[in-house]
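Structure file run-v3.cif (mmCIF, C-alpha atoms) follows.
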```cif
data_model
loop_
_atom_site.label_atom_id
_atom_site.label_comp_id
_atom_site.auth_asym_id
_atom_site.auth_seq_id
_atom_site.Cartn_x
_atom_site.Cartn_y
_atom_site.Cartn_z
CA MET A 408 0.00 0.00 0.00
CA SER A 409 1.74 3.11 -1.18
CA ARG A 410 -0.40 5.86 0.37
CA GLU A 411 -0.08 6.75 4.00
CA ARG A 412 -2.94 5.36 5.99
CA ILE A 413 -4.77 7.33 8.64
CA PRO A 414 -4.10 6.05 12.16
CA LEU A 415 -7.17 5.06 14.15
CA THR A 416 -7.07 4.97 17.93
CA LEU A 417 -9.63 2.91 19.75
CA ILE A 418 -10.60 4.03 23.26
CA THR A 419 -12.40 1.39 25.20
CA GLY A 420 -13.11 0.42 28.79
CA PHE A 421 -15.95 -0.90 30.90
CA LEU A 422 -18.95 1.18 31.94
CA GLY A 423 -17.89 4.01 34.24
CA SER A 424 -14.20 3.49 33.67
CA GLY A 425 -13.61 7.09 32.60
CA LYS A 426 -13.37 6.79 28.82
CA THR A 427 -15.27 9.95 28.14
CA THR A 428 -13.37 11.95 30.75
CA LEU A 429 -10.14 10.74 29.20
CA LEU A 430 -11.33 11.57 25.71
CA ALA A 431 -12.49 15.03 26.77
CA GLU A 432 -9.02 15.70 28.18
CA LEU A 433 -7.29 14.28 25.12
CA LEU A 434 -9.29 16.52 22.82
CA ARG A 435 -7.72 19.55 24.47
CA ASP A 436 -4.34 18.44 23.16
CA PRO A 437 -3.17 19.94 19.85
CA LEU A 438 -2.13 16.43 18.80
CA LEU A 439 -5.81 15.74 18.24
CA GLY A 440 -6.54 19.06 16.61
CA ASP A 441 -7.03 17.47 13.23
CA ALA A 442 -8.65 14.28 14.44
CA VAL A 443 -12.11 13.03 13.68
CA VAL A 444 -13.77 11.60 16.77
CA LEU A 445 -16.43 8.92 16.53
CA VAL A 446 -18.31 8.44 19.75
CA ASN A 447 -21.13 6.10 20.50
CA GLU A 448 -24.05 6.53 22.79
CA LEU A 449 -25.79 3.67 24.44
CA GLY A 450 -29.02 4.52 26.21
CA GLU A 451 -31.34 7.45 26.18
CA VAL A 452 -29.06 10.18 27.43
CA PRO A 453 -26.37 11.11 24.92
CA LEU A 454 -23.98 11.97 27.70
CA ASP A 455 -20.93 11.49 25.56
CA HIS A 456 -22.24 14.00 23.06
CA HIS A 457 -22.79 16.71 25.66
CA LEU A 458 -19.34 16.22 27.05
CA LEU A 459 -17.72 16.24 23.68
CA ARG A 460 -19.67 18.90 21.90
CA GLU A 461 -16.62 21.13 21.72
CA VAL A 462 -15.36 18.99 18.86
CA ASP A 463 -18.23 20.36 16.80
CA GLU A 464 -18.95 18.77 13.44
CA LYS A 465 -16.00 16.49 13.73
CA THR A 466 -17.90 14.44 16.25
CA VAL A 467 -20.13 11.91 14.62
CA ILE A 468 -22.68 10.14 16.75
CA LEU A 469 -23.39 6.70 15.46
CA ASP A 470 -27.09 6.08 15.56
CA SER A 471 -27.75 2.52 16.39
CA GLY A 472 -26.36 0.87 19.47
CA CYS A 473 -22.95 -0.61 19.89
CA VAL A 474 -20.15 0.23 17.48
CA CYS A 475 -18.70 -3.24 17.55
CA CYS A 476 -21.62 -5.57 17.44
CA THR A 477 -24.76 -4.27 15.87
CA ILE A 478 -23.57 -1.45 13.69
CA ARG A 479 -20.21 -2.33 12.41
CA THR A 480 -21.62 -1.41 9.04
CA ASP A 481 -22.28 2.05 10.37
CA LEU A 482 -18.67 2.36 11.36
CA VAL A 483 -17.66 1.26 7.89
CA ASP A 484 -20.09 3.73 6.38
CA GLU A 485 -18.88 6.55 8.60
CA LEU A 486 -15.23 5.94 7.84
CA ARG A 487 -15.93 5.64 4.11
CA ASP A 488 -18.12 8.70 4.14
CA LEU A 489 -15.40 10.74 5.80
CA GLN A 490 -13.09 9.95 2.89
CA VAL A 491 -15.73 10.87 0.35
CA ARG A 492 -16.48 14.17 2.08
CA VAL A 493 -12.82 15.11 2.19
CA HIS A 494 -12.50 14.41 -1.52
CA ARG A 495 -15.56 16.55 -2.22
CA GLY A 496 -14.12 19.36 -0.18
CA GLU A 497 -16.97 19.19 2.31
CA LEU A 498 -14.66 18.33 5.16
CA PRO A 499 -11.10 19.45 5.81
CA ALA A 500 -8.50 16.74 5.57
CA PHE A 501 -7.95 14.96 8.86
CA ARG A 502 -4.94 13.06 10.07
CA ARG A 503 -6.34 10.87 12.80
CA VAL A 504 -9.47 9.09 13.88
CA VAL A 505 -10.41 8.31 17.46
CA VAL A 506 -13.22 5.85 18.11
CA GLU A 507 -14.71 5.56 21.57
CA THR A 508 -16.60 2.33 22.12
CA THR A 509 -19.38 1.70 24.58
CA GLY A 510 -18.55 0.16 27.93
CA LEU A 511 -20.00 -3.18 26.94
CA ALA A 512 -18.32 -3.33 23.56
CA ASP A 513 -15.98 -5.98 22.33
CA PRO A 514 -13.21 -3.98 20.65
CA VAL A 515 -12.06 -6.84 18.44
CA PRO A 516 -14.67 -6.46 15.67
CA VAL A 517 -13.58 -2.86 15.19
CA LEU A 518 -10.04 -4.04 14.52
CA ALA A 519 -11.40 -6.77 12.25
CA THR A 520 -13.45 -4.26 10.31
CA LEU A 521 -10.37 -2.21 9.55
CA LEU A 522 -8.70 -5.24 8.01
CA GLN A 523 -11.66 -6.82 6.28
CA ASP A 524 -13.13 -3.89 4.42
CA PRO A 525 -10.88 -3.30 1.39
CA LEU A 526 -11.52 0.44 1.27
CA LEU A 527 -10.98 0.91 4.98
CA ALA A 528 -7.86 -1.25 4.86
CA ALA A 529 -6.50 1.04 2.16
CA HIS A 530 -7.20 4.26 4.05
CA TYR A 531 -6.94 3.44 7.76
CA MET A 532 -4.70 1.53 10.09
CA ALA A 533 -5.18 0.72 13.76
CA ASP A 534 -2.84 2.94 15.73
CA GLY A 535 -3.44 1.37 19.10
CA VAL A 536 -6.04 0.35 21.66
CA VAL A 537 -6.33 2.40 24.84
CA THR A 538 -8.32 0.77 27.62
CA CYS A 539 -9.56 2.56 30.73
CA VAL A 540 -9.75 0.45 33.88
CA ASP A 541 -11.60 1.58 36.98
CA ALA A 542 -9.34 0.74 39.95
CA VAL A 543 -12.29 0.55 42.34
CA ASN A 544 -14.38 -1.91 40.39
CA ALA A 545 -11.66 -3.85 38.60
CA PRO A 546 -11.80 -6.93 40.89
CA LEU A 547 -15.55 -7.32 40.46
CA GLN A 548 -15.50 -6.64 36.74
CA ALA A 549 -12.57 -9.00 36.20
CA GLU A 550 -14.54 -11.74 37.86
CA ARG A 551 -17.94 -11.15 36.33
CA GLN A 552 -17.59 -9.26 33.07
CA PRO A 553 -16.09 -11.02 30.07
CA GLU A 554 -16.13 -7.68 28.23
CA TRP A 555 -13.71 -6.28 30.80
CA THR A 556 -11.27 -9.08 30.14
CA LYS A 557 -11.52 -8.63 26.38
CA GLN A 558 -10.91 -4.91 26.65
CA VAL A 559 -7.86 -5.43 28.86
CA VAL A 560 -6.41 -8.23 26.76
CA VAL A 561 -6.41 -6.25 23.51
CA ALA A 562 -5.01 -3.04 25.05
CA ASP A 563 -1.75 -1.44 23.98
CA ARG A 564 -2.05 1.18 26.74
CA ILE A 565 -4.08 0.89 29.92
CA VAL A 566 -5.18 3.95 31.84
CA LEU A 567 -5.92 3.08 35.45
CA THR A 568 -8.54 5.51 36.72
CA LYS A 569 -10.12 6.33 40.08
CA THR A 570 -7.04 5.28 42.02
CA ASP A 571 -7.68 8.24 44.33
CA LEU A 572 -11.09 7.01 45.44
CA GLY A 573 -11.79 5.08 48.62
CA GLY A 574 -11.92 1.36 47.97
CA ALA A 575 -9.45 1.55 45.13
CA ASP A 576 -6.71 -1.04 45.25
CA GLY A 577 -4.26 -0.07 42.54
CA ALA A 578 -1.93 -2.98 43.25
CA LEU A 579 -4.72 -5.53 42.97
CA ALA A 580 -6.03 -3.90 39.80
CA GLU A 581 -2.55 -4.01 38.32
CA ALA A 582 -2.14 -7.67 39.19
CA LEU A 583 -5.47 -8.47 37.54
CA ILE A 584 -4.44 -6.54 34.46
CA ARG A 585 -0.98 -8.12 34.25
CA ALA A 586 -2.44 -11.64 34.42
CA ARG A 587 -4.31 -10.82 31.24
CA ASN A 588 -2.00 -8.41 29.51
CA PRO A 589 1.64 -8.64 30.55
CA VAL A 590 2.92 -5.95 28.20
CA ALA A 591 0.60 -2.96 27.79
CA GLU A 592 2.02 0.16 29.41
CA LEU A 593 0.04 1.00 32.53
CA ILE A 594 -0.61 4.69 33.14
CA ILE A 595 -2.28 6.23 36.17
CA GLY A 596 -4.86 8.73 34.98
CA VAL A 597 -6.99 9.87 37.89
CA SER A 598 -9.01 12.46 35.99
CA GLY A 599 -8.09 11.58 32.47
CA ASP A 600 -5.00 13.79 32.77
CA VAL A 601 -2.73 11.70 30.59
CA PRO A 602 -0.55 13.39 27.96
CA ALA A 603 -1.99 12.60 24.54
CA ALA A 604 1.42 11.63 23.23
CA ARG A 605 1.44 8.60 25.53
CA LEU A 606 -1.77 7.27 24.01
CA ILE A 607 -1.92 8.62 20.49
CA GLY A 608 0.47 7.86 17.64
CA LEU A 609 1.54 4.48 18.99
CA GLY A 610 1.80 2.92 15.54
CA VAL A 611 1.60 -0.57 16.98
CA LEU A 612 1.01 -2.15 13.59
CA ALA A 613 3.58 -0.12 11.69
CA GLU A 614 5.91 -2.40 9.77
CA ASP A 615 8.98 -1.14 11.56
CA ARG A 616 7.49 -1.60 15.01
CA ARG A 617 6.01 -5.08 14.76
CA ALA A 618 9.14 -6.96 15.78
CA GLU A 619 9.59 -4.66 18.76
CA GLN A 620 5.99 -5.26 19.83
CA VAL A 621 6.31 -9.01 19.55
CA THR A 622 9.68 -9.08 21.30
CA ALA A 623 8.18 -7.20 24.26
CA TRP A 624 5.55 -9.90 24.60
CA LEU A 625 8.07 -12.70 24.28
CA GLU A 626 10.24 -11.15 26.98
CA ALA A 627 7.29 -10.59 29.30
CA VAL A 628 5.87 -14.08 29.00
CA GLY A 629 8.80 -16.18 27.79
CA GLY A 630 11.46 -17.96 29.74
CA GLY A 631 8.96 -20.16 31.49
CA HIS A 632 7.55 -17.33 33.58
CA GLU A 633 4.03 -17.75 32.35
CA HIS A 634 1.28 -15.74 33.97
CA ASP A 635 -1.03 -18.46 35.10
CA HIS A 636 -2.44 -16.84 38.20
CA HIS A 637 -5.96 -16.73 36.89
CA ALA A 638 -7.98 -19.86 36.45
CA GLY A 639 -9.36 -18.72 33.11
CA VAL A 640 -7.10 -16.32 31.28
CA HIS A 641 -3.42 -17.14 31.12
CA ALA A 642 -0.41 -16.85 28.90
CA ILE A 643 1.31 -19.73 27.18
CA ALA A 644 4.86 -19.38 25.90
CA LEU A 645 6.09 -21.91 23.35
CA ARG A 646 9.55 -22.38 21.95
CA PHE A 647 10.70 -24.53 19.06
CA ASP A 648 14.37 -24.86 18.22
CA GLU A 649 13.87 -26.30 14.74
CA PRO A 650 12.20 -24.38 11.89
CA LEU A 651 8.43 -24.54 11.77
CA ASP A 652 6.61 -25.49 8.61
CA TRP A 653 4.71 -22.27 7.96
CA THR A 654 2.10 -23.82 5.68
CA MET A 655 1.19 -26.35 8.33
CA PHE A 656 1.41 -23.82 11.14
CA SER A 657 -0.99 -21.45 9.39
CA LEU A 658 -3.35 -24.34 8.77
CA TRP A 659 -3.16 -25.31 12.45
CA LEU A 660 -3.80 -21.74 13.59
CA ALA A 661 -6.73 -21.22 11.20
CA MET A 662 -8.21 -24.45 12.52
CA LEU A 663 -7.64 -23.42 16.14
CA LEU A 664 -9.33 -20.06 15.53
CA GLN A 665 -12.31 -21.77 13.94
CA SER A 666 -12.78 -24.23 16.77
CA ARG A 667 -11.48 -22.30 19.81
CA GLY A 668 -11.51 -18.73 18.54
CA ASP A 669 -13.30 -17.39 21.60
CA ASP A 670 -10.63 -18.88 23.83
CA VAL A 671 -7.65 -17.51 21.92
CA LEU A 672 -7.38 -13.88 22.94
CA ARG A 673 -4.00 -12.90 21.55
CA VAL A 674 -1.24 -14.47 19.48
CA LYS A 675 2.25 -13.10 19.12
CA GLY A 676 5.27 -14.78 17.68
CA LEU A 677 8.56 -14.76 15.89
CA LEU A 678 8.69 -17.86 13.72
CA ASP A 679 11.68 -19.49 12.13
CA THR A 680 10.23 -20.76 8.85
CA GLY A 681 13.60 -21.50 7.31
CA ALA A 682 14.08 -18.05 5.80
CA GLU A 683 16.87 -15.61 6.65
CA GLY A 684 14.78 -13.61 9.11
CA PRO A 685 11.77 -14.51 11.22
CA LEU A 686 8.15 -14.24 10.34
CA VAL A 687 6.28 -11.88 12.65
CA LEU A 688 2.90 -13.10 13.80
CA HIS A 689 0.41 -10.79 15.44
CA GLY A 690 -3.22 -11.50 16.15
CA VAL A 691 -6.11 -10.48 18.35
CA GLN A 692 -8.74 -13.18 18.58
CA HIS A 693 -9.93 -13.97 15.06
CA VAL A 694 -8.04 -11.04 13.64
CA ILE A 695 -4.64 -12.17 12.38
CA HIS A 696 -2.68 -9.41 10.73
CA PRO A 697 -0.89 -10.36 7.52
CA PRO A 698 2.40 -11.89 8.70
CA THR A 699 5.55 -10.08 7.66
CA HIS A 700 9.03 -11.42 7.13
CA LEU A 701 11.90 -9.55 8.73
CA THR A 702 15.20 -9.52 6.89
CA ALA A 703 17.06 -10.28 10.13
CA TRP A 704 16.39 -11.56 13.64
CA PRO A 705 16.06 -8.86 16.31
CA ASP A 706 18.37 -10.75 18.70
CA GLU A 707 20.72 -13.72 18.90
CA ASP A 708 17.95 -16.19 19.66
CA ARG A 709 16.90 -17.85 16.41
CA ALA A 710 14.27 -20.20 17.85
CA SER A 711 10.59 -19.87 17.02
CA ARG A 712 8.87 -18.27 19.99
CA ILE A 713 5.12 -17.94 20.32
CA VAL A 714 2.97 -16.38 23.03
CA LEU A 715 -0.71 -17.14 23.30
CA ILE A 716 -3.10 -15.46 25.73
CA VAL A 717 -5.86 -18.00 26.16
CA LEU A 718 -8.89 -19.00 28.12
CA SER A 719 -9.21 -22.57 29.36
CA ILE A 720 -6.56 -24.01 27.10
CA ALA A 721 -3.60 -25.88 28.58
CA ARG A 722 -0.05 -25.38 27.41
CA ALA A 723 0.56 -29.12 27.12
CA GLU A 724 -2.29 -29.68 24.69
CA VAL A 725 -1.18 -26.79 22.49
CA GLU A 726 2.39 -28.03 22.37
CA ALA A 727 1.43 -31.67 21.73
CA SER A 728 -0.92 -30.62 18.96
CA LEU A 729 1.55 -28.29 17.27
CA ARG A 730 4.26 -30.94 17.34
CA ALA A 731 1.92 -33.56 15.88
CA PHE A 732 0.87 -31.23 13.07
CA ASP A 733 4.43 -30.21 12.32
CA ARG A 734 5.56 -33.86 12.22
CA LEU A 735 2.83 -34.51 9.69
CA ALA A 736 4.31 -31.86 7.41
CA LYS A 737 7.89 -33.02 7.51
CA PRO A 738 9.81 -36.06 6.37
CA THR A 739 11.10 -38.23 9.23
CA GLY A 740 14.15 -36.72 10.87
CA GLN A 741 13.12 -33.07 10.56
CA ILE A 742 10.61 -32.91 13.35
CA LEU A 743 10.46 -30.18 15.95
CA ALA A 744 13.02 -30.42 18.69
CA MET B 786 -21.62 -5.28 3.36
CA LEU B 787 -20.16 -6.52 6.60
CA ARG B 788 -23.39 -6.77 8.57
CA GLY B 789 -23.67 -10.11 10.28
CA MET B 790 -20.45 -11.38 8.81
CA CYS B 791 -18.38 -13.32 11.26
CA SER B 792 -14.89 -11.96 11.61
CA LEU B 793 -13.65 -15.46 10.80
CA CYS B 794 -15.22 -15.37 7.38
CA GLY B 795 -12.71 -14.53 4.72
CA THR B 796 -15.11 -14.34 1.80
CA LEU B 797 -17.18 -11.49 0.35
CA GLY B 798 -14.30 -9.97 -1.51
CA ALA B 799 -12.31 -9.20 1.58
CA ALA B 800 -8.56 -8.90 1.66
CA ALA B 801 -6.44 -12.02 1.19
CA HIS B 802 -6.47 -14.43 4.11
CA TRP B 803 -3.51 -13.95 6.42
CA SER B 804 -2.27 -17.48 5.76
CA GLU B 805 -1.53 -16.58 2.14
CA GLY B 806 1.18 -14.14 3.10
CA GLY B 807 3.75 -16.03 5.10
CA GLY B 808 5.48 -18.24 2.60
CA ASP B 809 9.17 -18.07 1.96
CA ARG B 810 8.86 -16.37 -1.39
CA THR B 811 10.92 -13.24 -1.69
CA GLN B 812 8.81 -11.88 -4.55
CA VAL B 813 5.28 -11.53 -3.26
CA GLY B 814 2.92 -12.47 -6.04
CA ALA B 815 5.36 -14.73 -7.83
CA ARG B 816 2.73 -16.93 -9.36
CA ARG B 817 4.67 -20.16 -9.46
CA GLU B 818 5.59 -19.86 -5.82
CA VAL B 819 2.03 -19.05 -4.82
CA LEU B 820 0.73 -22.06 -6.72
CA ARG B 821 3.39 -24.33 -5.24
CA GLU B 822 2.37 -23.19 -1.77
CA ARG B 823 -1.33 -23.68 -2.49
CA ILE B 824 -0.73 -27.21 -3.72
CA ARG B 825 1.34 -28.01 -0.67
CA ARG B 826 -1.38 -26.54 1.55
CA VAL B 827 -3.89 -28.87 -0.07
CA VAL B 828 -1.62 -31.88 0.50
CA LEU B 829 -1.26 -30.99 4.19
CA LEU B 830 -4.95 -30.18 4.55
CA ASN B 831 -5.83 -33.62 3.22
CA ARG B 832 -3.56 -35.28 5.76
CA VAL B 833 -5.34 -33.38 8.53
CA LEU B 834 -8.82 -33.98 7.13
CA ALA B 835 -8.34 -37.67 6.31
CA PRO B 836 -9.53 -38.94 9.73
CA SER B 837 -12.77 -37.00 9.16
CA ARG B 838 -13.20 -38.53 5.68
CA LEU B 839 -13.08 -35.07 4.09
CA HIS B 840 -11.01 -34.07 1.07
CA VAL B 841 -9.87 -30.79 -0.46
CA ASP B 842 -8.84 -29.96 -4.01
CA GLU B 843 -7.23 -26.79 -5.31
CA TRP B 844 -9.45 -24.87 -7.73
CA GLU B 845 -8.13 -22.48 -10.35
CA GLU B 846 -5.59 -20.93 -7.99
CA THR B 847 -8.38 -18.95 -6.37
CA ALA B 848 -10.32 -21.33 -4.16
CA TYR B 849 -10.53 -24.78 -2.62
CA ILE B 850 -13.18 -27.44 -3.16
CA LEU B 851 -14.10 -29.27 0.01
CA ARG B 852 -15.69 -32.68 -0.55
CA GLY B 853 -17.63 -34.59 2.09
CA PRO B 854 -17.85 -38.34 2.62
CA THR B 855 -21.19 -38.62 0.79
CA GLY B 856 -20.20 -36.66 -2.27
CA GLN B 857 -21.30 -33.17 -1.33
CA SER B 858 -18.87 -30.43 -2.28
CA VAL B 859 -18.50 -26.73 -1.60
CA LEU B 860 -16.25 -23.98 -2.91
CA CYS B 861 -14.19 -22.22 -0.22
CA GLY B 862 -12.31 -18.98 -0.74
CA ASP B 863 -9.60 -19.55 1.83
CA LEU B 864 -8.51 -21.57 4.84
CA ALA B 865 -10.98 -19.89 7.17
CA ALA B 866 -13.82 -20.77 4.81
CA VAL B 867 -12.54 -24.35 4.52
CA PHE B 868 -12.67 -24.88 8.28
CA SER B 869 -16.00 -23.13 8.53
CA GLU B 870 -17.41 -25.55 5.96
CA VAL B 871 -15.69 -28.47 7.65
CA GLN B 872 -17.58 -27.50 10.79
CA ARG B 873 -20.84 -27.34 8.86
CA MET B 874 -20.33 -30.74 7.26
CA ARG B 875 -19.25 -32.44 10.48
CA GLY B 876 -21.76 -30.63 12.67
CA THR B 877 -18.92 -29.66 14.95
CA ALA B 878 -15.64 -27.83 14.50
CA LEU B 879 -12.48 -29.79 13.88
CA ASP B 880 -10.40 -28.97 16.96
CA PRO B 881 -6.63 -29.28 16.51
CA LEU B 882 -6.31 -29.74 20.28
CA ASP B 883 -8.67 -32.73 20.31
CA PRO B 884 -6.56 -35.59 21.74
CA ALA B 885 -8.27 -38.08 19.44
CA LEU B 886 -7.30 -36.06 16.37
CA VAL B 887 -3.75 -35.54 17.63
CA LYS B 888 -3.50 -39.28 18.21
CA ALA B 889 -4.90 -40.08 14.76
CA LEU B 890 -2.46 -37.68 13.10
CA SER B 891 0.44 -39.13 15.06
CA ALA B 892 -0.33 -42.73 14.12
#
```
Can you dump the structure from the file as structure tokens?
Amino acid sequence: MSRERIPLTLITGFLGSGKTTLLAELLRDPLLGDAVVLVNELGEVPLDHHLLREVDEKTVILDSGCVCCTIRTDLVDELRDLQVRVHRGELPAFRRVVVETTGLADPVPVLATLLQDPLLAAHYMADGVVTCVDAVNAPLQAERQPEWTKQVVVADRIVLTKTDLGGADGALAEALIRARNPVAELIIGVSGDVPAARLIGLGVLAEDRRAEQVTAWLEAVGGGHEHDHHAGVHAIALRFDEPLDWTMFSLWLAMLLQSRGDDVLRVKGLLDTGAEGPLVLHGVQHVIHPPTHLTAWPDEDRASRIVLIVLSIARAEVEASLRAFDRLAKPTGQILA
Amino acid sequence: MLRGMCSLCGTLGAAAHWSEGGGDRTQVGARREVLRERIRRVVLLNRVLAPSRLHVDEWEETAYILRGPTGQSVLCGDLAAVFSEVQRMRGTALDPLDPALVKALSA
């Protein structure tokens, strides 16, 4: 893709986690001066709209329910329409998009939409996912709300809010977050007062940053220090010293996503497929970004390393399965070590 | 266009499935290399699907034909569509972590 794509930041977080307060603060920053902001209202009172009205016509209220589930088409339409209006001269050119989801939204379909719609894929690229977490209610939400877990798992930055309130246990909230997302930078943002530059312009999917992103995950989870504190969500780190058969691996992963897609929350990896450099794998649930080959390894370790954040899947069964599949692809004597 | 479409579904004119992009070819789009990889993918798919009595053929370098045990067949745009149709034909998804499948493939 030759043209520069417009970065899209997704702001998510459970009900009452401070998304709108954060967004209102962010919109004061000149970094977002030429951003289009898509907010969503759920319920009768368009609270978000009243709080964000300063953004004027750049704020587009989506009409029908949740951005991610029921009106993904609306999001597609809005993002397409923005391009059309710029071309017609009806709207000044914009350099960023910020989408605020509802508190009950699953952020993954938004990311999927950006990849799946050819026009959107040509014009936009996910810049990063910012998730607000309410330090007071985190323990309860972690236990009872699957949406909370999803929002934390996919985050690239997590803003921990309400740490100043009575009943807030920042350390516990952090532990709950780290069990589900060992890498995302955690930022304390009591009243949404977080510098925009720490949340906007992350470029997490930029070609030149993918290896760095994956390496951070491998370092956080690898080396046998898997985060298995939580009965449900945990990280699995796998290592294979012999090259993996990419064709078989991709088949295995596609099959896993079809059968256990809801239980596979994130996939990161550097794979030795026999080429000079590794293949970088990056996925969020069903959304696997097109793998890219690096020309060289980022460090001395040339083994294939994969991190999976999963629900109710055991490391042993993943490893046994992958080895069996890989054996099936190779002549005797070239199996995984 | 995307309403109701599962994010697993790779059809409806969407971008190429992610699995198509990770081969060892240095020239993306080198037709011979793409075809070689597709044929190899079919060979491996058939090894995996054999215990379920399902079979896949390559079709015109653009799709796969999945054939069931009783002769039914369906055109699939990519790997995701293949496994979606496998699930439909079997009535349940083919789980790579299923110990019985792992055992069958290891035999």
For this session: Using only C-alpha atoms, find all polymer residues with an atom at most 9 Å away from the point (-17.8, -27.4, -0.1); report them as number ranges by chain.
Result: B: 841, 849-853, 857-861, 867, 870-871, 874
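Remark: for chain A, the closest of the candidate residues B:Trp844, B:Ala892, B:Leu820, B:Val887 is B:Val887 (distances computed over all atoms listed in the file).
If you look at CA of Asp600 in chain A and CA of Pro553 in chain A, they are 27.3 Å away from each other.
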For this session: Can you turn the PyMOL selection byres ((chain A and resi 612) around 9) into a concrete residue list for this file, as a ChimeraX atom specification?
Result: /A:532-535,609-611,613-617,620,689,696
Box centre and edge lengths (Å, one decimal), axis-aligned, range 856-861 of chain B plus 8 Å each side, as JSON:
```
{"center_x": -17.7, "center_y": -29.4, "center_z": -1.6, "size_x": 23.1, "size_y": 30.4, "size_z": 18.7}
```
Would you write out, as a compact mmCIF listing (two decimals) with C-alpha atoms, in the coordinates of the input, every residue that the PyMOL selection byres ((chain A) within 7 of (chain B)) captures in this file?
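Output below, filename out20.txt:
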```txt
# COMPACT_ATOMS: atom_id res chain seq x y z
CA ARG A 479 -20.21 -2.33 12.41
CA THR A 480 -21.62 -1.41 9.04
CA PRO A 516 -14.67 -6.46 15.67
CA ALA A 519 -11.40 -6.77 12.25
CA GLN A 523 -11.66 -6.82 6.28
CA ASP A 524 -13.13 -3.89 4.42
CA PRO A 525 -10.88 -3.30 1.39
CA TRP A 653 4.71 -22.27 7.96
CA THR A 654 2.10 -23.82 5.68
CA MET A 655 1.19 -26.35 8.33
CA SER A 657 -0.99 -21.45 9.39
CA TRP A 659 -3.16 -25.31 12.45
CA ALA A 661 -6.73 -21.22 11.20
CA MET A 662 -8.21 -24.45 12.52
CA LEU A 663 -7.64 -23.42 16.14
CA GLN A 665 -12.31 -21.77 13.94
CA SER A 666 -12.78 -24.23 16.77
CA ALA A 682 14.08 -18.05 5.80
CA HIS A 693 -9.93 -13.97 15.06
CA ILE A 695 -4.64 -12.17 12.38
CA HIS A 696 -2.68 -9.41 10.73
CA PRO A 697 -0.89 -10.36 7.52
CA PRO A 698 2.40 -11.89 8.70
CA THR A 699 5.55 -10.08 7.66
CA GLU A 724 -2.29 -29.68 24.69
CA VAL A 725 -1.18 -26.79 22.49
CA SER A 728 -0.92 -30.62 18.96
CA ALA A 731 1.92 -33.56 15.88
CA ALA A 736 4.31 -31.86 7.41
```
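For the pair CA of Ala500 in chain A and CA of Val537 in chain A, the interatomic distance is 24.1 Å.
All residues of protein, DNA or RNA that reach within 9 Å of Val628 in chain A, judged by only C-alpha atoms and not counting those fewer than 6 positions away in the chain, are Pro589, Val590, His634, Ala642, Ile643, Ala644 and Val714 of chain A.
Atom pair CA of Pro685 in chain A / CA of Glu626 in chain A has a distance of 16.2 Å (rounded to one decimal).
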For this session: Name the residues within 12 Å of (10.5, -25.6, 14.8), counting all atoms listed in the file in the file's coordinates, and put them as JSON, numbers by chain.
Result: {"A": [645, 646, 647, 648, 649, 650, 651, 652, 653, 655, 656, 677, 678, 679, 680, 681, 685, 709, 710, 711, 712, 713, 726, 729, 730, 731, 732, 733, 734, 736, 737, 741, 742, 743, 744]}
Might you spell out which residues the PyMOL selection byres ((chain A and resi 692) around 7) would select in the displayed file, as a compact mmCIF listing (two decimals) with C-alpha atoms, in the frame of the given file?
```txt
# COMPACT_ATOMS: atom_id res chain seq x y z
CA GLY A 668 -11.51 -18.73 18.54
CA ASP A 669 -13.30 -17.39 21.60
CA VAL A 671 -7.65 -17.51 21.92
CA LEU A 672 -7.38 -13.88 22.94
CA ARG A 673 -4.00 -12.90 21.55
CA GLY A 690 -3.22 -11.50 16.15
CA VAL A 691 -6.11 -10.48 18.35
CA HIS A 693 -9.93 -13.97 15.06
CA VAL A 694 -8.04 -11.04 13.64
```
Exercise. With all atoms listed in the file as the basis for distance, which of A:Glu507, A:Asp488, A:Glu581, A:Glu411 is at the shortest distance from Val446 in chain A?
Worked result: A:Glu507
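Residue neighbourhood of Val601 in chain A, excluding near-sequence residues (fewer than 3 positions): Leu429, Leu430, Glu432, Leu433, Val566, Ile594, Ile595, Gly596, Val597, Ser598, Ala604, Arg605 and Leu606 of chain A, at 10 Å, using only C-alpha atoms.
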Exercise. Any idea what's packed within 12 Å of Lys557 in chain A, counting all atoms listed in the file, ignoring anything in its chain fewer than 3 positions away? Could you give it as a PyMOL selection string?
Worked result: chain A and resi 419-421+510-516+536+538+540+548-549+552-554+560-562+584+587-588+640+669-673+691-692+716-718
